[in-house]
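K.L.:
Sending over upload.txt (compact mmCIF, C-alpha atoms).
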```txt
# COMPACT_ATOMS: atom_id res chain seq x y z
CA MET G 29 -113.32 -114.25 9.97
CA ALA G 30 -110.11 -114.71 11.91
CA HIS G 31 -108.64 -118.21 12.23
CA ILE G 32 -108.62 -118.00 16.04
CA LYS G 33 -110.96 -116.40 18.54
CA LEU G 34 -110.03 -112.72 18.62
CA GLU G 35 -112.01 -109.87 20.06
CA GLU G 36 -114.63 -108.84 17.51
CA GLU G 37 -114.34 -105.53 15.67
CA VAL G 38 -110.72 -105.04 16.74
CA PRO G 39 -108.62 -104.84 13.57
CA GLY G 40 -105.24 -106.19 12.46
CA ILE G 41 -102.24 -106.36 14.75
CA ARG G 42 -104.18 -104.83 17.61
CA SER G 43 -106.44 -107.87 17.89
CA LEU G 44 -103.40 -110.15 17.99
CA VAL G 45 -101.41 -108.34 20.66
CA LEU G 46 -104.53 -108.16 22.82
CA PHE G 47 -105.00 -111.92 22.34
CA ARG G 48 -101.45 -112.60 23.52
CA PRO G 49 -100.00 -109.59 25.39
CA GLU G 50 -97.00 -111.68 26.56
CA THR G 51 -95.61 -111.58 23.03
CA GLY G 52 -97.42 -108.42 21.96
CA GLN G 53 -95.55 -106.15 24.36
CA TYR G 54 -92.22 -106.98 22.67
CA LEU G 55 -93.63 -106.44 19.19
CA TYR G 56 -94.67 -102.92 20.16
CA GLU G 57 -91.29 -102.30 21.80
CA LEU G 58 -89.46 -103.39 18.68
CA VAL G 59 -91.47 -101.25 16.31
CA GLN G 60 -91.20 -98.23 18.60
CA ILE G 61 -87.38 -98.46 18.73
CA LEU G 62 -87.02 -99.18 15.02
CA LEU G 63 -89.46 -96.60 13.68
CA ARG G 64 -89.34 -93.90 16.36
CA GLY G 65 -85.95 -94.31 18.04
CA GLU G 66 -82.88 -92.24 17.23
CA SER G 67 -81.91 -92.50 13.57
CA THR G 68 -80.53 -90.46 10.68
CA LEU G 69 -83.54 -91.64 8.69
CA SER G 70 -86.66 -89.61 9.43
CA GLU G 71 -89.69 -91.25 11.00
CA ALA G 72 -91.59 -90.62 7.75
CA GLU G 73 -88.84 -92.39 5.75
CA ARG G 74 -88.86 -95.38 8.08
CA GLU G 75 -92.65 -95.62 7.85
CA LEU G 76 -92.24 -95.52 4.08
CA ILE G 77 -89.98 -98.60 4.20
CA ALA G 78 -92.64 -100.37 6.30
CA THR G 79 -95.34 -99.31 3.81
CA TYR G 80 -93.34 -100.41 0.77
CA VAL G 81 -92.64 -103.89 2.19
CA SER G 82 -96.27 -104.31 3.29
CA GLN G 83 -97.46 -103.35 -0.18
CA ARG G 84 -95.15 -105.94 -1.75
CA ASN G 85 -96.49 -108.55 0.69
CA GLU G 86 -100.01 -107.41 -0.23
CA CYS G 87 -100.86 -106.96 3.43
CA ILE G 88 -103.57 -104.35 3.13
CA PHE G 89 -103.95 -103.63 6.84
CA CYS G 90 -100.23 -102.95 7.33
CA ARG G 91 -99.87 -101.10 4.03
CA ASP G 92 -102.75 -98.71 4.60
CA SER G 93 -102.03 -98.06 8.26
CA HIS G 94 -98.30 -97.37 7.72
CA ALA G 95 -99.03 -95.35 4.58
CA ALA G 96 -101.33 -93.19 6.71
CA ALA G 97 -98.67 -92.83 9.41
CA SER G 98 -96.03 -91.94 6.81
CA LYS G 99 -98.30 -89.34 5.18
CA CYS G 100 -99.02 -87.80 8.54
CA LEU G 101 -95.28 -87.56 9.26
CA TYR G 102 -94.37 -86.24 5.78
CA GLY G 103 -96.91 -83.42 6.19
CA ASP G 104 -96.74 -81.15 3.10
CA GLU G 105 -94.71 -83.76 1.21
CA LYS G 106 -97.23 -86.55 1.81
CA SER G 107 -97.76 -87.16 -1.91
CA ILE G 108 -94.42 -89.03 -1.83
CA VAL G 109 -96.17 -91.97 -0.18
CA ASP G 110 -98.69 -92.51 -2.99
CA GLU G 111 -95.93 -91.95 -5.55
CA VAL G 112 -93.89 -94.77 -3.98
CA LEU G 113 -96.94 -97.05 -3.88
CA HIS G 114 -97.51 -96.29 -7.56
CA ASP G 115 -93.90 -96.57 -8.79
CA MET G 116 -90.96 -96.26 -6.43
CA ASN G 117 -88.48 -95.39 -9.20
CA GLU G 118 -90.54 -92.42 -10.38
CA ALA G 119 -91.25 -91.08 -6.88
CA GLY G 120 -89.94 -87.70 -5.74
CA LEU G 121 -87.46 -89.27 -3.35
CA SER G 122 -83.74 -88.81 -2.70
CA GLU G 123 -81.47 -91.26 -4.52
CA LYS G 124 -80.42 -92.60 -1.14
CA MET G 125 -84.01 -93.48 -0.21
CA LYS G 126 -84.52 -95.15 -3.59
CA THR G 127 -81.48 -97.35 -3.02
CA LEU G 128 -82.68 -98.21 0.50
CA LEU G 129 -86.17 -99.07 -0.77
CA THR G 130 -84.54 -101.25 -3.43
CA ILE G 131 -82.74 -103.15 -0.66
CA ALA G 132 -85.99 -103.40 1.35
CA GLY G 133 -87.76 -104.77 -1.72
CA LYS G 134 -85.09 -107.46 -2.09
CA VAL G 135 -85.35 -108.40 1.60
CA GLN G 136 -89.12 -108.78 1.17
CA VAL G 137 -88.43 -111.56 -1.35
CA SER G 138 -85.49 -113.14 0.49
CA GLY G 139 -82.43 -112.02 2.39
CA LYS G 140 -80.33 -113.72 -0.26
CA GLU G 141 -81.57 -111.34 -2.95
CA VAL G 142 -79.59 -108.41 -1.53
CA SER G 143 -76.43 -108.10 -3.64
CA ASP G 144 -73.00 -106.50 -3.19
CA GLU G 145 -74.06 -104.13 -5.93
CA ASP G 146 -77.22 -103.02 -4.08
CA ILE G 147 -75.09 -102.23 -1.03
CA ALA G 148 -72.44 -100.43 -3.09
CA THR G 149 -75.10 -98.30 -4.79
CA ALA G 150 -76.59 -97.36 -1.42
CA ARG G 151 -73.15 -96.40 -0.09
CA ASN G 152 -72.39 -94.34 -3.20
CA ASN G 153 -75.53 -92.40 -2.35
CA ASP G 154 -74.28 -91.78 1.19
CA ALA G 155 -76.19 -94.47 3.05
CA THR G 156 -74.38 -95.35 6.28
CA ASP G 157 -73.84 -98.84 7.73
CA ARG G 158 -76.45 -98.12 10.33
CA GLU G 159 -79.00 -96.96 7.73
CA ILE G 160 -78.38 -100.11 5.69
CA HIS G 161 -78.74 -102.24 8.83
CA ASP G 162 -81.94 -100.52 9.87
CA THR G 163 -83.44 -100.79 6.38
CA VAL G 164 -82.82 -104.55 6.32
CA LEU G 165 -84.20 -104.96 9.83
CA ILE G 166 -87.31 -102.87 9.15
CA ALA G 167 -87.97 -104.85 5.96
CA ALA G 168 -87.44 -108.14 7.82
CA THR G 169 -89.65 -106.98 10.69
CA PHE G 170 -92.50 -106.15 8.33
CA SER G 171 -92.04 -109.50 6.60
CA MET G 172 -92.90 -110.84 10.05
CA PHE G 173 -95.80 -108.49 10.83
CA ASN G 174 -97.43 -108.98 7.42
CA ARG G 175 -97.37 -112.76 7.86
CA TYR G 176 -98.65 -112.53 11.42
CA VAL G 177 -101.57 -110.25 10.50
CA ASP G 178 -102.62 -112.18 7.38
CA GLY G 179 -101.65 -115.65 8.62
CA LEU G 180 -104.33 -115.44 11.30
CA ALA G 181 -106.82 -113.68 8.97
CA THR G 182 -107.34 -110.64 11.19
CA LEU G 183 -109.95 -108.00 10.47
CA THR G 184 -108.96 -105.51 7.72
CA PRO G 185 -111.12 -102.37 7.77
CA THR G 186 -112.11 -101.03 4.35
CA ASP G 187 -112.99 -97.45 5.32
CA PRO G 188 -110.06 -95.08 4.47
CA ALA G 189 -111.11 -92.81 7.35
CA VAL G 190 -110.29 -95.60 9.81
CA TYR G 191 -106.71 -95.72 8.53
CA GLU G 192 -106.38 -91.97 8.60
CA GLU G 193 -107.23 -92.01 12.31
CA MET G 194 -104.84 -94.90 12.88
CA GLY G 195 -102.07 -93.06 11.03
CA LYS G 196 -102.47 -90.03 13.28
CA ARG G 197 -102.20 -92.19 16.36
CA MET G 198 -99.23 -94.13 15.01
CA ALA G 199 -97.40 -90.94 14.08
CA GLY G 200 -97.29 -90.21 17.80
CA GLY G 201 -95.57 -93.51 18.52
CA TYR G 202 -96.27 -97.13 19.32
CA SER G 203 -97.40 -97.93 22.80
CA PHE G 204 -99.14 -101.10 23.82
CA PRO G 205 -102.91 -100.64 23.40
CA GLN G 206 -104.78 -100.05 26.63
CA GLN G 207 -108.23 -99.90 25.09
CA THR G 208 -109.57 -102.60 22.88
CA LYS G 209 -110.68 -100.46 19.92
CA MET T 8 -68.12 -110.95 4.18
CA PRO T 9 -70.93 -109.16 5.99
CA TYR T 10 -72.20 -105.92 4.41
CA ILE T 11 -71.68 -104.01 7.66
CA PRO T 12 -68.83 -104.32 10.20
CA LEU T 13 -69.65 -107.14 12.64
CA GLU T 14 -67.39 -108.82 15.16
CA ASP T 15 -65.40 -111.75 13.74
CA HIS T 16 -66.11 -114.08 16.64
CA LEU T 17 -69.89 -113.63 16.30
CA PRO T 18 -71.20 -115.26 13.07
CA GLY T 19 -74.79 -115.30 11.79
CA ILE T 20 -77.42 -113.66 13.97
CA THR T 21 -75.12 -113.38 16.98
CA GLY T 22 -73.10 -110.50 15.48
CA LEU T 23 -76.25 -108.63 14.44
CA LEU T 24 -77.75 -108.85 17.92
CA GLU T 25 -74.58 -107.27 19.31
CA TYR T 26 -74.39 -104.64 16.51
CA ARG T 27 -77.59 -103.01 17.70
CA VAL T 28 -78.32 -104.12 21.23
CA ASP T 29 -81.38 -101.88 21.66
CA THR T 30 -83.33 -103.45 18.80
CA ALA T 31 -81.99 -106.89 19.79
CA ALA T 32 -83.53 -106.66 23.28
CA PRO T 33 -87.21 -107.00 22.25
CA ILE T 34 -86.30 -109.52 19.50
CA ARG T 35 -84.52 -111.68 22.08
CA ALA T 36 -87.32 -111.30 24.63
CA LEU T 37 -89.95 -112.21 22.04
CA THR T 38 -87.99 -115.30 21.00
CA GLN T 39 -87.41 -116.36 24.59
CA CYS T 40 -91.13 -116.03 25.34
CA LEU T 41 -92.21 -117.89 22.19
CA LEU T 42 -89.65 -120.71 22.22
CA ARG T 43 -88.94 -121.11 25.93
CA GLY T 44 -91.91 -119.54 27.73
CA PRO T 45 -94.83 -121.48 29.23
CA SER T 46 -96.53 -123.42 26.43
CA THR T 47 -98.39 -126.64 25.75
CA LEU T 48 -95.91 -127.23 22.92
CA THR T 49 -92.56 -128.62 24.06
CA GLU T 50 -89.37 -126.62 23.51
CA GLY T 51 -88.30 -129.28 21.01
CA GLU T 52 -91.57 -128.92 19.06
CA ARG T 53 -91.20 -125.17 18.93
CA GLU T 54 -87.63 -125.52 17.66
CA LEU T 55 -89.01 -127.77 14.90
CA ILE T 56 -91.18 -124.88 13.72
CA ALA T 57 -88.12 -122.60 13.66
CA THR T 58 -86.21 -125.29 11.78
CA ILE T 59 -88.79 -125.93 9.06
CA VAL T 60 -89.20 -122.22 8.29
CA SER T 61 -85.43 -121.55 8.22
CA HIS T 62 -84.94 -124.59 6.03
CA ARG T 63 -87.58 -123.43 3.56
CA ASN T 64 -86.10 -119.92 3.50
CA GLU T 65 -82.77 -121.62 2.74
CA CYS T 66 -81.14 -119.70 5.55
CA LYS T 67 -78.24 -122.01 6.33
CA PHE T 68 -77.13 -120.39 9.57
CA CYS T 69 -80.59 -120.44 11.18
CA SER T 70 -81.41 -123.83 9.72
CA TYR T 71 -78.26 -125.48 11.12
CA ALA T 72 -78.55 -123.68 14.46
CA HIS T 73 -82.19 -124.61 15.11
CA THR T 74 -81.74 -128.14 13.80
CA ALA T 75 -78.97 -128.49 16.41
CA ALA T 76 -81.16 -126.96 19.14
CA ALA T 77 -84.10 -129.25 18.24
CA ASN T 78 -81.84 -132.33 18.12
CA THR T 79 -80.39 -131.52 21.52
CA LEU T 80 -83.81 -130.93 23.06
CA LEU T 81 -85.40 -134.00 21.44
CA GLU T 82 -82.32 -136.12 22.17
CA GLU T 83 -82.40 -137.59 18.66
CA GLU T 84 -81.65 -136.42 15.13
CA ASN T 85 -84.28 -138.22 13.06
CA THR T 86 -87.22 -135.86 13.45
CA THR T 87 -85.45 -132.76 12.09
CA ALA T 88 -84.24 -134.81 9.11
CA GLU T 89 -87.73 -136.19 8.48
CA ILE T 90 -89.68 -132.93 8.66
CA THR T 91 -87.36 -131.17 6.22
CA LYS T 92 -87.90 -134.05 3.79
CA ASP T 93 -91.66 -134.55 4.11
CA ILE T 94 -93.86 -133.27 6.94
CA THR T 95 -96.71 -135.66 6.16
CA THR T 96 -94.62 -138.81 6.66
CA ALA T 97 -92.49 -137.55 9.58
CA SER T 98 -92.77 -139.33 12.92
CA VAL T 99 -94.49 -136.49 14.76
CA SER T 100 -98.05 -136.28 16.11
CA ASP T 101 -100.90 -135.34 13.77
CA LYS T 102 -101.20 -132.07 15.65
CA MET T 103 -97.53 -131.25 15.02
CA LYS T 104 -97.89 -132.19 11.35
CA ALA T 105 -100.81 -129.78 11.02
CA LEU T 106 -98.90 -127.02 12.81
CA LEU T 107 -95.78 -127.55 10.69
CA ILE T 108 -97.95 -127.32 7.57
CA ILE T 109 -99.37 -124.00 8.80
CA ALA T 110 -95.81 -122.77 9.49
CA SER T 111 -94.80 -123.75 5.95
CA GLN T 112 -97.71 -121.79 4.54
CA VAL T 113 -96.72 -118.73 6.60
CA GLN T 114 -93.17 -119.04 5.23
CA VAL T 115 -94.53 -118.33 1.74
CA SER T 116 -97.09 -115.70 2.76
CA GLY T 117 -99.60 -115.08 5.53
CA LYS T 118 -102.29 -115.30 2.88
CA ASN T 119 -101.35 -118.88 2.14
CA VAL T 120 -102.74 -120.14 5.44
CA THR T 121 -106.07 -121.74 4.59
CA GLY T 122 -109.18 -122.27 6.70
CA GLU T 123 -108.77 -125.92 5.89
CA SER T 124 -105.25 -126.22 7.31
CA VAL T 125 -106.35 -124.39 10.47
CA GLN T 126 -109.35 -126.72 10.80
CA GLN T 127 -107.08 -129.72 10.42
CA ALA T 128 -104.92 -128.45 13.28
CA LYS T 129 -107.99 -127.87 15.45
CA ASP T 130 -109.35 -131.33 14.64
CA ALA T 131 -106.01 -132.78 15.73
CA GLY T 132 -106.38 -131.02 19.08
CA ALA T 133 -104.45 -127.77 18.52
CA THR T 134 -105.60 -124.86 20.68
CA ASP T 135 -105.99 -121.27 19.50
CA ILE T 136 -102.83 -120.33 21.41
CA GLU T 137 -100.86 -123.12 19.76
CA ILE T 138 -102.05 -122.00 16.33
CA HIS T 139 -101.26 -118.38 17.21
CA ASP T 140 -97.78 -119.25 18.45
CA THR T 141 -97.07 -121.39 15.40
CA VAL T 142 -97.92 -118.50 13.08
CA LEU T 143 -95.91 -116.01 15.12
CA ILE T 144 -92.86 -118.30 15.42
CA ALA T 145 -92.98 -118.89 11.66
CA ALA T 146 -93.31 -115.15 11.01
CA LEU T 147 -90.49 -114.37 13.45
CA PHE T 148 -88.16 -116.73 11.62
CA CYS T 149 -89.07 -115.04 8.35
CA LEU T 150 -87.64 -111.95 10.08
CA TYR T 151 -84.51 -113.70 11.36
CA ASN T 152 -83.76 -115.45 8.08
CA ARG T 153 -83.98 -112.19 6.14
CA TYR T 154 -81.95 -110.29 8.71
CA VAL T 155 -79.16 -112.91 8.73
CA ASP T 156 -78.94 -113.35 4.95
CA GLY T 157 -79.87 -109.79 3.96
CA LEU T 158 -76.70 -108.48 5.60
CA ALA T 159 -74.60 -111.42 4.36
CA THR T 160 -73.47 -112.58 7.79
CA VAL T 161 -70.92 -115.37 8.09
CA THR T 162 -72.14 -119.00 8.09
CA PRO T 163 -69.59 -121.25 9.84
CA VAL T 164 -68.94 -124.56 8.03
CA ASP T 165 -67.76 -126.53 11.08
CA PRO T 166 -70.62 -128.77 12.35
CA GLY T 167 -69.04 -128.54 15.81
CA PHE T 168 -69.93 -124.86 15.91
CA TYR T 169 -73.67 -125.60 15.61
CA LYS T 170 -73.50 -128.38 18.14
CA GLY T 171 -72.06 -125.91 20.64
CA LEU T 172 -74.64 -123.29 19.68
CA GLY T 173 -77.50 -125.81 19.99
CA GLN T 174 -76.28 -126.67 23.46
CA ARG T 175 -76.10 -122.97 24.38
CA LEU T 176 -79.66 -122.43 23.12
CA LYS T 177 -80.82 -125.35 25.25
CA GLU T 178 -79.05 -124.21 28.40
CA HIS T 179 -79.39 -120.43 28.16
CA GLY T 180 -82.25 -119.85 25.74
CA TYR T 181 -82.36 -116.56 23.87
CA ASN T 182 -81.62 -114.01 26.53
CA ARG T 183 -78.38 -112.06 26.15
CA LEU T 184 -75.70 -113.56 28.35
CA PRO T 185 -75.13 -111.20 31.29
CA GLN T 186 -71.38 -111.18 30.65
CA GLY T 187 -71.76 -110.59 26.86
CA TYR T 188 -69.89 -112.73 24.35
CA ASP T 189 -66.22 -111.79 24.64
CA HIS T 190 -65.44 -115.18 26.16
CA LEU T 191 -66.23 -116.76 22.76
CA LYS T 192 -63.25 -115.01 21.18
CA LYS T 193 -60.79 -117.66 22.25
CA THR T 194 -62.93 -120.71 21.45
CA ASN T 195 -63.16 -119.63 17.84
CA LEU T 196 -59.40 -119.42 17.29
```
Taking this structure as input, can you express it in the form of C-alpha cells?

P.N.:
Amino acid sequence: MAHIKLEEEVPGIRSLVLFRPETGQYLYELVQILLRGESTLSEAERELIATYVSQRNECIFCRDSHAAASKCLYGDEKSIVDEVLHDMNEAGLSEKMKTLLTIAGKVQVSGKEVSDEDIATARNNDATDREIHDTVLIAATFSMFNRYVDGLATLTPTDPAVYEEMGKRMAGGYSFPQQTK
Amino acid sequence: MPYIPLEDHLPGITGLLEYRVDTAAPIRALTQCLLRGPSTLTEGERELIATIVSHRNECKFCSYAHTAAANTLLEEENTTAEITKDITTASVSDKMKALLIIASQVQVSGKNVTGESVQQAKDAGATDIEIHDTVLIAALFCLYNRYVDGLATVTPVDPGFYKGLGQRLKEHGYNRLPQGYDHLKKTNL
C-alpha cells in the first residue's frame, strides 16, 4: 500500500501526478521534452537510457513501462531492449549507444562516477556534446523518478499486458493524464 | 573543467540551465513550485531538505548553495551545520526530523523509505502533502546532484560566491531571471 493516500488502482507515477498536479505538470513537461523533443538520439534510444537506469535502480514500474515504450518504438529491432536488460555489453547496439549507457550507468550510482575516460570513449564513438548532456540529464531524471515512485510505495502492476498497453500510449508521447486510470 | 562547453561565468547548475534552456524550464518551474510555492513547510525547512540530500550525495556545489540559501532564510547558520552532523540531535521540530530522515532514505533509494519512518512523520503531525513534497524534493536533488557532478561543472571555492547565490535564491527563487545572466560576467572578474 502506498505511504500516502493516493487514488486506488492507479499505478506508479500516474497516481502521484494526480495527487499533486501542481508539480506533476512539470514532470510530464520535462519527460516529454527530454524523451520526445528534437534530438539526434532516437526516441527508442532515449527510452532505452530511461529503462537501463530504472533497471539499475530496481524500480520495476519505471523499468517495465519504459522497456515497453522502447520496444514499441524500436519496432522490428525490439529484442535490443531485452538484450540490454540482460547484458548491456553483449547487446546488439552501436558502440556509441554502449558508451552512452555506460555513462548513464555511472550517473545512476553518482554524478562523480563519470570519468574523463568515459567521456573520451563516447566522443571517440562520435557522441556529441549535446548527446552526452542529454544522456546525463535523462539518467539523472530517472534517478529522480525511480525514487519518487518507490519512495512513496506506489502501486506496481504485475501483469505484463498492462505494461504493453502503457508502452503503446507512452510511445505516442507524454501528456498530463486526463483520466484517472 | 566541465565535460561540455559551458559559460565561464556560470558555475555549477547555472551553466547547465543555460546550456539547454528548454529542458531547464520545467526543472526550474518544478523547483520553484516545490521550494517556494504555497506549503505548510517554510522555505527554510524546504531548503534544509535540499541541503541534507546534496550533502549526502557529496555534491559540493549544491550543498554549499542550499546551505547558504537555508542560512539566509533561517537567519542563522546552526541548523544546517547540525542536520548534516546528526539529524536526530539537531534543533529542529520532531516533524522536521522525521521528514529529514525520510529524505535521507530517498537519497539512497526510494525503496529505503520504510513504513515506520513514514508513520513517525505522521505521528509528529506531518501531512500527506508534506511527506509527498519531502520525497519529491529529495528525489529532485538526486537529479540535480547527478546533473551537476556528472558533467563535471565548476565548483567555486570562494565562500562569498555562495553567500551571493543564497541571497539570489532567497530574493528571486528558481525562475530564470528575465534579463538572463550576462550581468554576472563582470562580478566574477

K.L.:
Enter the distance from atom CA of T:Ser46 to atom CA of G:Leu46, in Å, rounded to one decimal.

P.N.:
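Separating atom CA of T:Ser46 from atom CA of G:Leu46 is a distance of 17.6 Å.
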
K.L.:
Give me the residues near T:Ala131 as a count of residues only, where near means some atom within 9 Å (using all atoms listed in the file) and where sequence neighbours in that chain fewer than 4 positions away do not count.

P.N.:
7

K.L.:
For chain G, which residue among T:Thr49, T:Thr30, T:Thr79, T:Ser111 is the nearest when counting all atoms listed in the file?

P.N.:
T:Thr30

K.L.:
Between atom CA of G:Asp146 and atom CA of G:Ser122, what distance in Å does the model show, to one decimal?

P.N.:
15.7 Å

K.L.:
Name the closest residue to T:Pro9 among the candidates T:Gly117, T:Gly132, T:Gly157, T:Pro33; distances are taken between atoms, counting all atoms listed in the file.

P.N.:
T:Gly157

K.L.:
Counting only C-alpha atoms, figure out which residue out of T:Asn85, T:Thr91, T:Gln114, T:Thr96 gets nearest to chain G.

P.N.:
T:Gln114

K.L.:
Neighbouring residues of G:Arg48 were defined as those with any atom within 12 Å, considering all atoms listed in the file; residues of the same chain fewer than 6 positions away were excluded. Please report them as a PyMOL selection string.

P.N.:
(chain G and resi 32-35+41-42+54-55+204) or (chain T and resi 37+40-41+135-140+143)

K.L.:
Please, could you write that set of residues out with C-alpha atoms as an mmCIF file, keeping the file's coordinate frame?

P.N.:
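Dumped to selection-v3.cif:
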```cif
data_model
loop_
_atom_site.group_PDB
_atom_site.id
_atom_site.type_symbol
_atom_site.label_atom_id
_atom_site.label_comp_id
_atom_site.auth_asym_id
_atom_site.auth_seq_id
_atom_site.Cartn_x
_atom_site.Cartn_y
_atom_site.Cartn_z
ATOM 1 C CA ILE G 32 -108.620 -118.000 16.040
ATOM 2 C CA LYS G 33 -110.960 -116.400 18.540
ATOM 3 C CA LEU G 34 -110.030 -112.720 18.620
ATOM 4 C CA GLU G 35 -112.010 -109.870 20.060
ATOM 5 C CA ILE G 41 -102.240 -106.360 14.750
ATOM 6 C CA ARG G 42 -104.180 -104.830 17.610
ATOM 7 C CA TYR G 54 -92.220 -106.980 22.670
ATOM 8 C CA LEU G 55 -93.630 -106.440 19.190
ATOM 9 C CA PHE G 204 -99.140 -101.100 23.820
ATOM 10 C CA LEU T 37 -89.950 -112.210 22.040
ATOM 11 C CA CYS T 40 -91.130 -116.030 25.340
ATOM 12 C CA LEU T 41 -92.210 -117.890 22.190
ATOM 13 C CA ASP T 135 -105.990 -121.270 19.500
ATOM 14 C CA ILE T 136 -102.830 -120.330 21.410
ATOM 15 C CA GLU T 137 -100.860 -123.120 19.760
ATOM 16 C CA ILE T 138 -102.050 -122.000 16.330
ATOM 17 C CA HIS T 139 -101.260 -118.380 17.210
ATOM 18 C CA ASP T 140 -97.780 -119.250 18.450
ATOM 19 C CA LEU T 143 -95.910 -116.010 15.120
#
```

K.L.:
Here is a test: counting all atoms listed in the file, which residue of G:Thr163, G:Gln60, G:Thr127, G:Thr184 is nearest to G:Ser93?

P.N.:
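Ranked by minimum distance to G:Ser93, first place goes to G:Thr184.
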
K.L.:
For chain T, work out the contacting residues on chain G at 6 Å, counting only C-alpha atoms, and write them as number ranges by chain.

P.N.:
G: 32, 51, 54, 58, 138-140, 142, 157, 165, 168-169, 172, 175-176, 178-179

K.L.:
What is the atom CA of G:Leu44-atom CA of T:Leu176 distance in Å, reported with one decimal?

P.N.:
27.2 Å
